[in-house]
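Chemist: File upload_13.csv follows (CSV, C-alpha atoms):
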chain,number,residue,atom,x,y,z
A,141,MET,CA,44.2,-13.8,111.4
A,142,ILE,CA,45.5,-12.0,114.5
A,143,THR,CA,43.6,-10.6,117.5
A,144,LEU,CA,44.4,-7.3,119.2
A,145,THR,CA,42.8,-4.9,121.6
A,146,ILE,CA,42.4,-1.2,120.8
A,147,ASN,CA,40.8,0.9,123.6
A,148,ASP,CA,39.4,-2.3,125.3
A,149,LYS,CA,37.7,-3.4,122.0
A,150,THR,CA,38.7,-6.8,120.7
A,151,ILE,CA,39.5,-6.7,117.0
A,152,HIS,CA,40.3,-9.5,114.5
A,153,THR,CA,42.3,-8.6,111.5
A,154,GLN,CA,44.8,-9.9,108.9
A,155,VAL,CA,48.6,-9.8,109.4
A,156,GLY,CA,50.6,-7.0,107.8
A,157,ARG,CA,48.5,-4.0,108.5
A,158,SER,CA,49.4,-0.9,110.6
A,159,ILE,CA,47.7,-0.1,113.9
A,160,LEU,CA,46.3,3.1,112.2
A,161,GLU,CA,44.7,1.1,109.4
A,162,VAL,CA,43.2,-1.4,111.8
A,163,ALA,CA,41.9,1.4,114.0
A,164,ARG,CA,40.4,3.3,111.1
A,165,ASP,CA,38.6,0.2,109.8
A,166,ASN,CA,37.0,-0.1,113.2
A,167,ALA,CA,35.9,3.5,113.5
A,168,ILE,CA,38.5,4.4,116.1
A,169,TRP,CA,39.7,7.9,115.4
A,170,ILE,CA,43.4,8.7,115.4
A,171,PRO,CA,44.4,12.2,114.2
A,172,THR,CA,46.9,12.3,111.3
A,173,LEU,CA,48.6,14.8,109.1
A,174,CYS,CA,51.4,13.3,107.0
A,175,TYR,CA,49.5,10.1,106.5
A,176,HIS,CA,47.9,9.6,103.1
A,177,GLU,CA,46.2,6.4,101.9
A,178,ALA,CA,47.9,6.4,98.6
A,179,LEU,CA,51.4,6.8,100.1
A,180,LYS,CA,53.7,4.7,102.2
A,181,PRO,CA,53.6,5.6,105.9
A,182,TYR,CA,56.1,8.3,106.8
A,183,GLY,CA,55.9,8.7,110.6
A,184,GLY,CA,56.8,12.3,110.3
A,185,CYS,CA,54.0,14.4,112.0
A,186,ARG,CA,53.8,12.4,115.3
A,187,LEU,CA,50.1,13.1,115.5
A,188,CYS,CA,49.1,9.4,115.2
A,189,LEU,CA,51.0,8.3,118.3
A,190,VAL,CA,49.4,5.6,120.4
A,191,GLU,CA,50.4,3.8,123.6
A,192,LEU,CA,51.1,0.1,123.7
A,193,GLU,CA,50.9,-2.0,126.8
A,194,THR,CA,54.0,-4.3,126.9
A,195,PRO,CA,55.4,-6.6,129.6
A,196,ARG,CA,58.1,-3.9,130.2
A,197,GLY,CA,55.7,-1.1,130.7
A,198,SER,CA,54.0,1.3,128.2
A,199,ARG,CA,55.5,2.3,125.0
A,200,VAL,CA,54.5,5.2,122.7
A,201,VAL,CA,54.7,4.4,118.9
A,202,SER,CA,53.5,6.0,115.7
A,203,SER,CA,50.5,4.0,114.6
A,204,CYS,CA,50.9,4.6,110.9
A,205,THR,CA,54.3,2.8,110.8
A,206,PHE,CA,53.8,0.2,113.6
A,207,PRO,CA,52.4,-3.1,112.4
A,208,ALA,CA,49.4,-4.6,114.3
A,209,GLU,CA,50.5,-7.8,116.1
A,210,ASP,CA,48.7,-10.7,117.7
A,211,GLY,CA,47.8,-10.1,121.3
A,212,MET,CA,48.7,-6.4,121.2
A,213,VAL,CA,47.0,-4.0,123.6
A,214,VAL,CA,46.7,-0.5,122.2
A,215,HIS,CA,45.3,2.7,123.8
A,216,THR,CA,44.7,5.7,121.5
A,217,ASN,CA,43.5,8.3,124.0
A,218,THR,CA,45.5,8.1,127.2
A,219,LYS,CA,46.8,11.2,129.1
A,220,THR,CA,50.3,10.7,127.7
A,221,ILE,CA,48.9,10.5,124.1
A,222,GLN,CA,46.7,13.5,124.6
A,223,GLN,CA,49.6,15.6,125.9
A,224,SER,CA,51.9,14.6,123.0
A,225,ARG,CA,49.2,15.4,120.4
A,226,GLN,CA,48.6,18.7,122.0
A,227,ILE,CA,52.3,19.7,121.8
A,228,VAL,CA,52.4,18.7,118.2
A,229,ALA,CA,49.2,20.7,117.5
A,230,GLN,CA,50.7,23.7,119.3
A,231,LEU,CA,53.8,23.6,117.2
A,232,LEU,CA,51.8,23.3,114.0
A,233,LEU,CA,49.7,26.2,115.1
A,234,ALA,CA,52.8,28.3,115.8
A,235,ARG,CA,54.1,27.7,112.3
A,236,ALA,CA,50.9,27.5,110.2
A,237,GLY,CA,48.1,28.9,112.4
A,238,HIS,CA,46.8,30.9,109.4
A,239,VAL,CA,45.9,27.7,107.6
A,240,PRO,CA,42.3,26.7,108.2
A,241,PHE,CA,43.1,23.0,107.9
A,242,ILE,CA,45.8,23.2,110.6
A,243,ARG,CA,43.4,25.2,112.9
A,244,GLU,CA,40.7,22.5,112.5
A,245,LEU,CA,43.2,19.7,113.1
A,246,ALA,CA,44.5,21.4,116.3
A,247,ALA,CA,40.9,22.0,117.4
A,248,SER,CA,40.2,18.3,116.9
A,249,VAL,CA,42.8,17.5,119.6
A,250,GLY,CA,41.6,20.3,121.9
A,251,VAL,CA,44.1,23.0,121.0
A,252,ASN,CA,43.1,26.5,120.0
A,253,ASP,CA,46.1,28.6,120.7
A,254,THR,CA,49.9,28.1,121.1
A,255,PRO,CA,52.5,29.2,123.6
A,256,TYR,CA,55.2,29.0,120.9
A,257,THR,CA,56.4,31.5,118.4
A,258,LEU,CA,57.9,30.2,115.1
A,259,PRO,CA,58.5,31.8,111.7
A,260,GLN,CA,55.2,31.6,109.7
A,261,ASP,CA,55.1,29.1,106.8
A,262,THR,CA,52.2,27.5,105.1
A,263,CYS,CA,54.3,24.4,104.4
A,264,VAL,CA,54.5,22.1,107.4
A,265,LEU,CA,57.0,19.7,105.9
A,266,CYS,CA,54.7,16.6,105.9
A,267,ALA,CA,56.5,15.6,102.7
A,268,ARG,CA,53.3,14.3,101.1
A,269,CYS,CA,54.2,16.2,97.9
A,270,VAL,CA,57.7,14.8,97.9
A,271,ARG,CA,56.5,11.3,98.5
A,272,ALA,CA,53.7,11.5,95.9
A,273,CYS,CA,56.1,12.7,93.3
A,274,GLN,CA,58.4,9.8,94.0
A,275,GLU,CA,55.9,7.0,94.8
A,276,ILE,CA,52.9,7.8,92.6
A,277,VAL,CA,54.3,9.8,89.7
A,278,GLY,CA,57.7,8.2,89.8
A,279,MET,CA,59.5,11.5,88.8
A,280,SER,CA,61.1,12.7,92.1
A,281,ALA,CA,61.1,16.3,90.8
A,282,ILE,CA,61.0,17.8,94.3
A,283,SER,CA,62.7,16.9,97.6
A,284,ILE,CA,63.4,18.2,101.0
A,285,ALA,CA,66.6,20.2,101.1
A,286,ASN,CA,68.7,21.3,104.1
A,287,ARG,CA,68.3,20.0,107.6
A,288,GLY,CA,66.9,21.0,111.0
A,289,SER,CA,65.0,24.3,111.1
A,290,ASP,CA,66.2,25.1,107.5
A,291,ARG,CA,64.3,22.3,105.9
A,292,VAL,CA,62.3,23.3,102.8
A,293,VAL,CA,60.6,21.5,99.9
A,294,VAL,CA,62.2,22.6,96.7
A,295,PRO,CA,63.0,21.4,93.2
A,296,PRO,CA,66.8,20.7,92.8
A,297,PHE,CA,68.8,23.9,93.3
A,298,LYS,CA,65.6,25.8,93.7
A,299,ILE,CA,65.1,26.1,90.0
A,300,SER,CA,62.5,24.4,87.9
A,301,SER,CA,63.1,20.7,87.5
A,302,ALA,CA,63.3,19.1,84.1
A,303,ASP,CA,61.8,16.0,85.8
A,304,CYS,CA,58.5,17.9,86.6
A,305,ILE,CA,55.7,16.7,84.2
A,306,GLU,CA,53.2,19.2,85.5
A,307,CYS,CA,50.8,16.5,86.7
A,308,THR,CA,50.0,18.6,89.8
A,309,THR,CA,49.8,15.6,92.1
A,310,CYS,CA,51.8,17.5,94.7
A,311,VAL,CA,49.1,20.2,94.6
A,312,LEU,CA,46.4,17.6,95.2
A,313,VAL,CA,48.0,15.9,98.1
A,314,CYS,CA,49.2,19.0,99.9
A,315,PRO,CA,47.0,19.3,103.1
A,316,THR,CA,47.7,23.0,103.7
A,317,ASP,CA,47.6,24.3,100.1
A,318,ALA,CA,51.2,25.4,100.3
A,319,ILE,CA,51.7,24.4,96.7
A,320,THR,CA,49.4,26.1,94.2
A,321,LEU,CA,48.9,25.5,90.5
A,322,ASP,CA,50.6,28.8,89.8
A,323,ASP,CA,53.7,27.6,91.5
A,324,ILE,CA,54.0,24.9,88.9
A,325,THR,CA,52.7,26.7,85.8
A,326,ASP,CA,53.2,30.4,86.1
A,327,SER,CA,56.8,31.5,85.7
A,328,SER,CA,56.2,34.8,87.4
A,329,ARG,CA,55.5,33.1,90.7
A,330,THR,CA,58.2,32.2,93.2
A,331,VAL,CA,56.2,30.8,96.1
A,332,HIS,CA,58.1,27.9,97.6
A,333,GLU,CA,60.8,29.1,95.3
A,334,TRP,CA,59.5,27.0,92.5
A,335,GLN,CA,60.2,28.8,89.3
A,336,SER,CA,58.9,26.9,86.4
A,337,GLU,CA,60.2,27.7,82.9
A,338,TYR,CA,57.5,25.6,81.1
A,339,ALA,CA,54.8,26.8,78.9
A,340,ARG,CA,51.5,25.6,80.3
A,341,GLY,CA,51.1,22.1,78.8
A,342,ALA,CA,49.5,18.8,79.1
A,343,CYS,CA,50.6,16.3,81.8
A,344,ARG,CA,53.1,14.0,80.1
A,345,LEU,CA,51.5,10.9,81.7
A,346,CYS,CA,47.7,11.4,81.3
A,347,GLU,CA,47.6,14.3,78.9
A,348,TYR,CA,45.4,16.3,81.2
A,349,THR,CA,45.7,20.0,80.6
A,350,LEU,CA,45.2,22.5,83.4
A,351,ASN,CA,43.4,25.1,81.4
A,352,GLY,CA,40.8,22.6,80.4
A,353,ASN,CA,41.8,21.8,76.8
B,288,MET,CA,91.8,24.5,93.5
B,289,ASN,CA,91.5,21.7,91.1
B,290,HIS,CA,89.8,22.4,87.8
B,291,PHE,CA,86.6,20.8,86.8
B,292,SER,CA,87.3,17.9,84.4
B,293,ILE,CA,84.7,15.5,83.0
B,294,GLN,CA,87.4,12.9,82.6
B,295,ASN,CA,88.3,13.1,86.3
B,296,ILE,CA,84.7,12.9,87.4
B,297,ARG,CA,84.3,9.8,85.2
B,298,THR,CA,87.3,8.3,86.9
B,299,ILE,CA,85.9,8.9,90.3
B,300,LEU,CA,82.5,7.5,89.3
B,301,ASN,CA,84.1,4.4,87.8
B,302,LYS,CA,86.1,3.8,91.0
B,303,HIS,CA,82.8,3.2,92.9
B,304,LYS,CA,81.0,1.2,90.2
B,305,ASP,CA,80.9,-2.0,92.3
B,306,ASN,CA,79.4,-0.1,95.2
B,307,LYS,CA,75.6,-0.8,95.4
B,308,THR,CA,74.8,2.6,96.8
B,309,PRO,CA,77.7,4.8,95.6
B,310,LEU,CA,76.1,8.2,95.9
B,311,LEU,CA,77.6,9.3,99.2
B,312,ALA,CA,81.1,7.9,98.5
B,313,VAL,CA,81.2,9.6,95.1
B,314,MET,CA,80.0,12.9,96.5
B,315,GLU,CA,82.6,12.8,99.3
B,316,GLU,CA,85.4,12.1,96.9
B,317,LEU,CA,84.3,14.9,94.6
B,318,GLN,CA,83.9,17.3,97.5
B,319,SER,CA,87.4,16.6,98.9
B,320,TYR,CA,89.0,16.8,95.4
B,321,TYR,CA,87.2,20.0,94.2
B,322,GLY,CA,86.3,21.6,97.6
B,323,TYR,CA,82.7,22.0,96.5
B,324,LEU,CA,80.0,20.4,94.3
B,325,PRO,CA,79.0,22.6,91.4
B,326,ARG,CA,75.5,22.1,90.0
B,327,GLU,CA,76.7,20.7,86.6
B,328,MET,CA,78.8,18.1,88.5
B,329,LEU,CA,75.8,16.9,90.5
B,330,ILE,CA,73.7,16.7,87.4
B,331,MET,CA,76.3,14.4,85.9
B,332,VAL,CA,76.5,12.3,89.1
B,333,SER,CA,72.7,12.0,89.1
B,334,GLU,CA,72.6,10.8,85.5
B,335,ARG,CA,75.5,8.4,85.8
B,336,LEU,CA,74.3,6.8,89.0
B,337,ASP,CA,70.6,6.9,88.0
B,338,VAL,CA,69.7,8.7,91.2
B,339,PRO,CA,67.1,11.5,90.9
B,340,LEU,CA,68.7,14.9,90.9
B,341,SER,CA,66.3,16.0,93.7
B,342,GLN,CA,67.7,13.2,95.9
B,343,VAL,CA,71.3,14.2,95.1
B,344,HIS,CA,70.4,17.8,96.0
B,345,SER,CA,68.8,16.6,99.2
B,346,VAL,CA,71.9,14.7,100.3
B,347,ALA,CA,74.2,17.6,99.2
B,348,THR,CA,72.3,20.1,101.4
B,349,PHE,CA,71.7,17.7,104.3
B,350,TYR,CA,75.4,17.0,105.2
B,351,HIS,CA,77.6,19.8,106.6
B,352,GLY,CA,80.6,18.3,104.8
B,353,PHE,CA,79.2,19.2,101.3
B,354,SER,CA,79.2,22.6,99.9
B,355,LEU,CA,77.5,23.8,96.7
B,356,HIS,CA,79.7,26.9,96.6
B,357,PRO,CA,83.5,27.3,96.2
B,358,GLN,CA,85.3,27.2,99.6
B,359,GLY,CA,87.9,29.8,100.6
B,360,GLU,CA,91.6,29.1,100.8
B,361,HIS,CA,91.3,28.9,104.6
B,362,VAL,CA,88.4,27.3,106.4
B,363,ILE,CA,87.7,28.7,109.8
B,364,GLN,CA,85.3,26.7,112.0
B,365,ALA,CA,84.0,28.2,115.2
B,366,CYS,CA,82.4,25.7,117.7
B,367,THR,CA,78.9,26.7,118.8
B,368,GLY,CA,78.3,23.5,120.9
B,369,THR,CA,76.9,23.9,124.4
B,370,ALA,CA,80.2,23.9,126.3
B,371,CYS,CA,81.9,26.4,123.9
B,372,HIS,CA,78.7,28.5,124.0
B,373,VAL,CA,78.7,28.9,127.8
B,374,ARG,CA,82.4,29.8,127.6
B,375,GLY,CA,81.6,32.6,125.3
B,376,GLY,CA,81.9,30.9,121.9
B,377,ILE,CA,79.2,33.2,120.5
B,378,HIS,CA,81.4,36.3,121.0
B,379,VAL,CA,84.3,34.6,119.3
B,380,LEU,CA,82.0,33.8,116.3
B,381,ASP,CA,80.6,37.3,116.3
B,382,HIS,CA,84.2,38.7,116.2
B,383,LEU,CA,85.1,36.4,113.3
B,384,LYS,CA,82.0,37.6,111.4
B,385,THR,CA,83.0,41.2,112.0
B,386,LYS,CA,86.6,40.7,111.1
B,387,LEU,CA,85.9,38.7,107.9
B,388,ASN,CA,82.8,40.7,107.1
B,389,ILE,CA,80.8,37.5,106.3
B,390,GLN,CA,78.1,35.4,107.9
B,391,ALA,CA,78.6,31.8,109.1
B,392,GLY,CA,78.5,29.5,106.1
B,393,GLU,CA,79.8,32.2,103.7
B,394,THR,CA,83.1,32.7,101.9
B,395,THR,CA,84.8,36.1,101.5
B,396,SER,CA,84.6,37.5,98.0
B,397,ASP,CA,88.4,37.1,97.4
B,398,LEU,CA,87.9,33.4,98.2
B,399,GLU,CA,90.5,33.7,101.0
B,400,TYR,CA,88.3,32.6,104.0
B,401,THR,CA,85.3,30.4,104.6
B,402,LEU,CA,83.6,30.8,108.0
B,403,GLU,CA,81.6,27.8,109.4
B,404,THR,CA,80.0,26.9,112.6
B,405,ILE,CA,80.4,23.4,114.0
B,406,ASN,CA,78.3,21.8,116.7
B,407,CYS,CA,80.8,20.0,118.9
B,408,LEU,CA,84.5,19.1,118.3
B,409,GLY,CA,84.8,17.0,121.4
B,410,ALA,CA,87.3,19.5,122.7
B,411,CYS,CA,85.0,21.0,125.3
B,412,ALA,CA,87.7,21.2,128.0
B,413,VAL,CA,89.6,23.9,126.0
B,414,GLY,CA,86.5,25.8,124.7
B,415,PRO,CA,85.7,28.1,123.1
B,416,THR,CA,87.4,26.1,120.3
B,417,VAL,CA,88.2,27.4,116.8
B,418,VAL,CA,89.6,25.2,114.0
B,419,THR,CA,91.7,26.8,111.3
B,420,ASP,CA,92.4,24.6,108.3
B,421,GLY,CA,92.0,21.5,110.5
B,422,LYS,CA,94.2,22.9,113.3
B,423,TYR,CA,92.5,23.1,116.8
B,424,GLU,CA,92.9,26.3,118.8
B,425,GLY,CA,91.6,26.3,122.3
B,426,HIS,CA,90.6,29.0,124.9
B,427,MET,CA,89.8,31.4,122.1
B,428,THR,CA,89.2,35.1,122.9
B,429,THR,CA,88.6,38.0,120.5
B,430,SER,CA,92.2,39.2,120.8
B,431,LYS,CA,93.5,35.7,120.2
B,432,ILE,CA,91.3,35.6,117.0
B,433,ASP,CA,93.1,38.8,115.8
B,434,HIS,CA,96.5,37.1,116.3
B,435,LEU,CA,95.3,34.0,114.6
B,436,LEU,CA,94.1,35.8,111.5
B,437,GLU,CA,97.3,37.8,111.4
B,438,LYS,CA,99.3,34.6,111.5
B,439,ILE,CA,97.3,33.0,108.7
B,440,GLU,CA,97.8,36.1,106.6
B,441,GLN,CA,101.6,36.2,107.2
B,442,GLU,CA,101.9,32.5,106.3
B,443,SER,CA,100.0,32.7,103.1
Would you mind writing the file's structure down as structure tokens?
Modeler:
Amino acid sequence: MITLTINDKTIHTQVGRSILEVARDNAIWIPTLCYHEALKPYGGCRLCLVELETPRGSRVVSSCTFPAEDGMVVHTNTKTIQQSRQIVAQLLLARAGHVPFIRELAASVGVNDTPYTLPQDTCVLCARCVRACQEIVGMSAISIANRGSDRVVVPPFKISSADCIECTTCVLVCPTDAITLDDITDSSRTVHEWQSEYARGACRLCEYTLNGN
Amino acid sequence: MNHFSIQNIRTILNKHKDNKTPLLAVMEELQSYYGYLPREMLIMVSERLDVPLSQVHSVATFYHGFSLHPQGEHVIQACTGTACHVRGGIHVLDHLKTKLNIQAGETTSDLEYTLETINCLGACAVGPTVVTDGKYEGHMTTSKIDHLLEKIEQES
């Protein structure tokens, strides 16, 4: 057992858990986007940042990837944290302000509009789909290609992947509905540049069929 | 340009068989031998190394050193780093685009020239810098670009 303090509240917990998990268990709210309970922490969205008190001053870390340690002093709602969350929220709004989930998320950290202008995209590159395909399904049919501002989620070479088993896990874990069932099953659709050649069929793992058969 | 041979790809793959994470080393060697990484080659690499094709594609598109398309006979790299930028590197790049009639990252249809941007060559003192087939040229101007291209044409 270890003992740590989050927002002046003393908490006892087991070793090997992240600050985020401990906070959630104790009803302390930390906003997240790329975090998903079924997936390994990614530390990509930077919304879950918290501030640690250390002998060498304060330190900002992502709570989803940082393990809770004995004697740790954590603050989840300092001025620094609020500001960094707001910048992340403003950037998310600039890219995907048309997505209701993103607007709600931004509103939850007190942001309703953005000073930035970015090309619009429903996909916010949280990589939940990519990680689910790899970690849960074990197929790795999709990945993030390119780098920097050109990053996109695509199947290899932007053509339908032979590794895709049409399980639609990526659709389920996508927080912004950037991937739709049609992207995977309808060959006429090219959203996300996913062009599937497959006839609509059952998932090769669980035999679930999309059209309800 | 070297021709695509399954035998040769096998040889390169075998050379790295004791490497625990051979993907990058294999891809680098294939890139330098063939000048680019065609899709069929990457599918073979993925199967042989048991690395998902999506991951191979990720790596191939992440690093600037890899190309999925054939490269031109001459590779011209224009530096767009901060120092070259403030010294007018962007005009040099624009002039190259106009002269070659391609965008950065593209290859002319006759496979003669590939134009690339590069973020810093460490030669900031002589910027704007342009590299032609590995040779550094400093203090570039639009008229010097014309001479440079003429020189390349005469030599080839």
Chemist: Residues near Lys422 of chain B, anyone? I mean within 12 Å using all atoms listed in the file, not counting same-chain ones fewer than 6 positions away, as a list in words.
Modeler: His361, Val362, Ile363, Gln364, Ala365, Leu408, Thr416, Leu435 and Ile439 of chain B
Chemist: Using all atoms listed in the file, find which residues of chain B lie within 9 Å of chain A and jot them down as a list in words.
Modeler: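 Every residue meeting the condition is included here: Arg326, Pro339, Leu340, Ser341, Gln342, Val343, His344, Ser345, Val346, Ala347, Thr348, Phe349 and Tyr350 of chain B.
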Chemist: Quick one: everything within 7 Å of segment 261-268 of chain A, counting all atoms listed in the file, minus sequence neighbours fewer than 4 positions away in the same chain. Send it as a list in words.
Modeler: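 That gives Cys174, Gly184, Cys185, Arg235, Ala236, Val239, Ala272, Val313, Cys314, Thr316 and Ala318 of chain A.
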Chemist: Write the residues you've just listed into a file as a PDB file, keeping the file's coordinate frame, and include C-alpha atoms for each of them.
Modeler:
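selection-v2.pdb was written with the following content:
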ATOM      1  CA  CYS A 174      51.400  13.300 107.000  1.00  0.00           C
ATOM      2  CA  GLY A 184      56.800  12.300 110.300  1.00  0.00           C
ATOM      3  CA  CYS A 185      54.000  14.400 112.000  1.00  0.00           C
ATOM      4  CA  ARG A 235      54.100  27.700 112.300  1.00  0.00           C
ATOM      5  CA  ALA A 236      50.900  27.500 110.200  1.00  0.00           C
ATOM      6  CA  VAL A 239      45.900  27.700 107.600  1.00  0.00           C
ATOM      7  CA  ALA A 272      53.700  11.500  95.900  1.00  0.00           C
ATOM      8  CA  VAL A 313      48.000  15.900  98.100  1.00  0.00           C
ATOM      9  CA  CYS A 314      49.200  19.000  99.900  1.00  0.00           C
ATOM     10  CA  THR A 316      47.700  23.000 103.700  1.00  0.00           C
ATOM     11  CA  ALA A 318      51.200  25.400 100.300  1.00  0.00           C
TER      12      ALA A 318
END
Chemist: Considering all atoms listed in the file, return as a list in words whatever protein or nucleic-acid residues lie within 10 Å of Cys366 of chain B, sequence-local ones (same chain, fewer than 5 positions apart) excluded.
Modeler: Cys371, His372, Gly376, Ile377, Val379, Leu380, Glu403, Thr404, Ile405, Asn406, Cys407, Leu408, Gly409, Ala410, Cys411, Gly414, Pro415, Thr416, Val417 and Val418 of chain B
Chemist: Would you mind reading off the distance between atom CA of Ile389 of chain B and atom CA of Glu424 of chain B, one decimal, in Å?
Modeler: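 Spanning atom CA of Ile389 of chain B to atom CA of Glu424 of chain B is a straight-line distance of 20.7 Å.
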Chemist: A:Thr172, A:Pro207, A:Thr320, A:Thr309: which is nearest Gly278 of chain A, counting all atoms listed in the file?
Modeler: A:Thr309
Chemist: Can you tell me, as number ranges by chain, what residues are no more than 12 Å from Asn147 of chain A when counting only C-alpha atoms, ignoring any on the same chain fewer than 5 positions away?
Modeler: A: 159, 163, 166-170, 190-193, 212-218
Chemist: Quote the spacing between atom CA of Leu355 of chain B and atom CA of Tyr321 of chain B in Å to one decimal place.
Modeler: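 These two atoms are separated by 10.7 Å.
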Chemist: With all atoms listed in the file as the basis for distance, which of A:Leu160, A:Ala234, A:Leu312, A:Ala208 is at the shortest distance from Pro255 of chain A?
Modeler: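 Looking at the shortest contact to Pro255 of chain A, the residue is A:Ala234.
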Chemist: Please report the interatomic distance between atom CA of Gln226 of chain A and atom CA of Ala246 of chain A in Å with one decimal.
Modeler: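 The value is 7.5 Å.
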Chemist: Which residues, written as a PyMOL selection string, have at least one atom at most 12 Å from Tyr320 of chain B, with all atoms listed in the file counted and residues fewer than 2 positions away on the same chain left out?
Modeler: chain B and resi 288-292+295-296+299+313-318+322-324+353+357-358
Chemist: Restrict the selected residues to C-alpha atoms and save them as a CSV table (one decimal), in the coordinates of the input.
Modeler:
chain,number,residue,atom,x,y,z
B,288,MET,CA,91.8,24.5,93.5
B,289,ASN,CA,91.5,21.7,91.1
B,290,HIS,CA,89.8,22.4,87.8
B,291,PHE,CA,86.6,20.8,86.8
B,292,SER,CA,87.3,17.9,84.4
B,295,ASN,CA,88.3,13.1,86.3
B,296,ILE,CA,84.7,12.9,87.4
B,299,ILE,CA,85.9,8.9,90.3
B,313,VAL,CA,81.2,9.6,95.1
B,314,MET,CA,80.0,12.9,96.5
B,315,GLU,CA,82.6,12.8,99.3
B,316,GLU,CA,85.4,12.1,96.9
B,317,LEU,CA,84.3,14.9,94.6
B,318,GLN,CA,83.9,17.3,97.5
B,322,GLY,CA,86.3,21.6,97.6
B,323,TYR,CA,82.7,22.0,96.5
B,324,LEU,CA,80.0,20.4,94.3
B,353,PHE,CA,79.2,19.2,101.3
B,357,PRO,CA,83.5,27.3,96.2
B,358,GLN,CA,85.3,27.2,99.6
Chemist: From the options B:His303, B:Val413, B:Leu336, B:Ser319, which residue's atoms come nearest to Gly425 of chain B, counting all atoms listed in the file?
Modeler: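 Once distances to Gly425 of chain B are computed over all atoms listed in the file, the minimum belongs to B:Val413.
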Chemist: Using only C-alpha atoms, can you tell me which of B:Leu402, B:Leu311, B:Met328, B:Leu300 comes closest to Leu383 of chain B?
Modeler: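 That would be B:Leu402, the residue with the smallest distance to Leu383 of chain B.
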Chemist: Please rebuild segment 288-299 of chain A with N, CA, C and O atoms and return the result as a PDB file, keeping the file's coordinate frame.
Modeler:
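New file rebuild.pdb:
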ATOM      1  N   GLY A 288      67.277  20.283 109.774  1.00  0.00           N
ATOM      2  CA  GLY A 288      66.900  21.000 111.000  1.00  0.00           C
ATOM      3  C   GLY A 288      65.844  22.082 110.639  1.00  0.00           C
ATOM      4  O   GLY A 288      64.954  21.881 109.819  1.00  0.00           O
ATOM      5  N   SER A 289      65.993  23.245 111.244  1.00  0.00           N
ATOM      6  CA  SER A 289      65.000  24.300 111.100  1.00  0.00           C
ATOM      7  C   SER A 289      65.077  24.946 109.684  1.00  0.00           C
ATOM      8  O   SER A 289      64.250  25.782 109.345  1.00  0.00           O
ATOM      9  N   ASP A 290      66.075  24.571 108.884  1.00  0.00           N
ATOM     10  CA  ASP A 290      66.200  25.100 107.500  1.00  0.00           C
ATOM     11  C   ASP A 290      65.529  24.296 106.456  1.00  0.00           C
ATOM     12  O   ASP A 290      65.597  24.611 105.274  1.00  0.00           O
ATOM     13  N   ARG A 291      64.928  23.164 106.860  1.00  0.00           N
ATOM     14  CA  ARG A 291      64.300  22.300 105.900  1.00  0.00           C
ATOM     15  C   ARG A 291      63.273  22.953 105.020  1.00  0.00           C
ATOM     16  O   ARG A 291      62.412  23.657 105.537  1.00  0.00           O
ATOM     17  N   VAL A 292      63.342  22.726 103.697  1.00  0.00           N
ATOM     18  CA  VAL A 292      62.300  23.300 102.800  1.00  0.00           C
ATOM     19  C   VAL A 292      62.077  22.255 101.666  1.00  0.00           C
ATOM     20  O   VAL A 292      62.948  21.453 101.336  1.00  0.00           O
ATOM     21  N   VAL A 293      60.881  22.316 101.099  1.00  0.00           N
ATOM     22  CA  VAL A 293      60.600  21.500  99.900  1.00  0.00           C
ATOM     23  C   VAL A 293      60.918  22.336  98.697  1.00  0.00           C
ATOM     24  O   VAL A 293      60.407  23.439  98.536  1.00  0.00           O
ATOM     25  N   VAL A 294      61.803  21.825  97.871  1.00  0.00           N
ATOM     26  CA  VAL A 294      62.200  22.600  96.700  1.00  0.00           C
ATOM     27  C   VAL A 294      62.544  21.616  95.529  1.00  0.00           C
ATOM     28  O   VAL A 294      62.860  20.464  95.763  1.00  0.00           O
ATOM     29  N   PRO A 295      62.474  22.130  94.295  1.00  0.00           N
ATOM     30  CA  PRO A 295      63.000  21.400  93.200  1.00  0.00           C
ATOM     31  C   PRO A 295      64.570  21.477  93.308  1.00  0.00           C
ATOM     32  O   PRO A 295      65.052  22.397  93.987  1.00  0.00           O
ATOM     33  N   PRO A 296      65.351  20.593  92.672  1.00  0.00           N
ATOM     34  CA  PRO A 296      66.800  20.700  92.800  1.00  0.00           C
ATOM     35  C   PRO A 296      67.340  22.071  92.518  1.00  0.00           C
ATOM     36  O   PRO A 296      66.963  22.672  91.510  1.00  0.00           O
ATOM     37  N   PHE A 297      68.198  22.557  93.381  1.00  0.00           N
ATOM     38  CA  PHE A 297      68.800  23.900  93.300  1.00  0.00           C
ATOM     39  C   PHE A 297      67.844  25.015  93.193  1.00  0.00           C
ATOM     40  O   PHE A 297      68.154  26.101  92.718  1.00  0.00           O
ATOM     41  N   LYS A 298      66.634  24.762  93.656  1.00  0.00           N
ATOM     42  CA  LYS A 298      65.600  25.800  93.700  1.00  0.00           C
ATOM     43  C   LYS A 298      65.264  26.368  92.337  1.00  0.00           C
ATOM     44  O   LYS A 298      64.807  27.507  92.241  1.00  0.00           O
ATOM     45  N   ILE A 299      65.542  25.626  91.272  1.00  0.00           N
ATOM     46  CA  ILE A 299      65.100  26.100  90.000  1.00  0.00           C
ATOM     47  C   ILE A 299      64.289  25.008  89.313  1.00  0.00           C
ATOM     48  O   ILE A 299      64.421  23.842  89.663  1.00  0.00           O
TER      49      ILE A 299
END
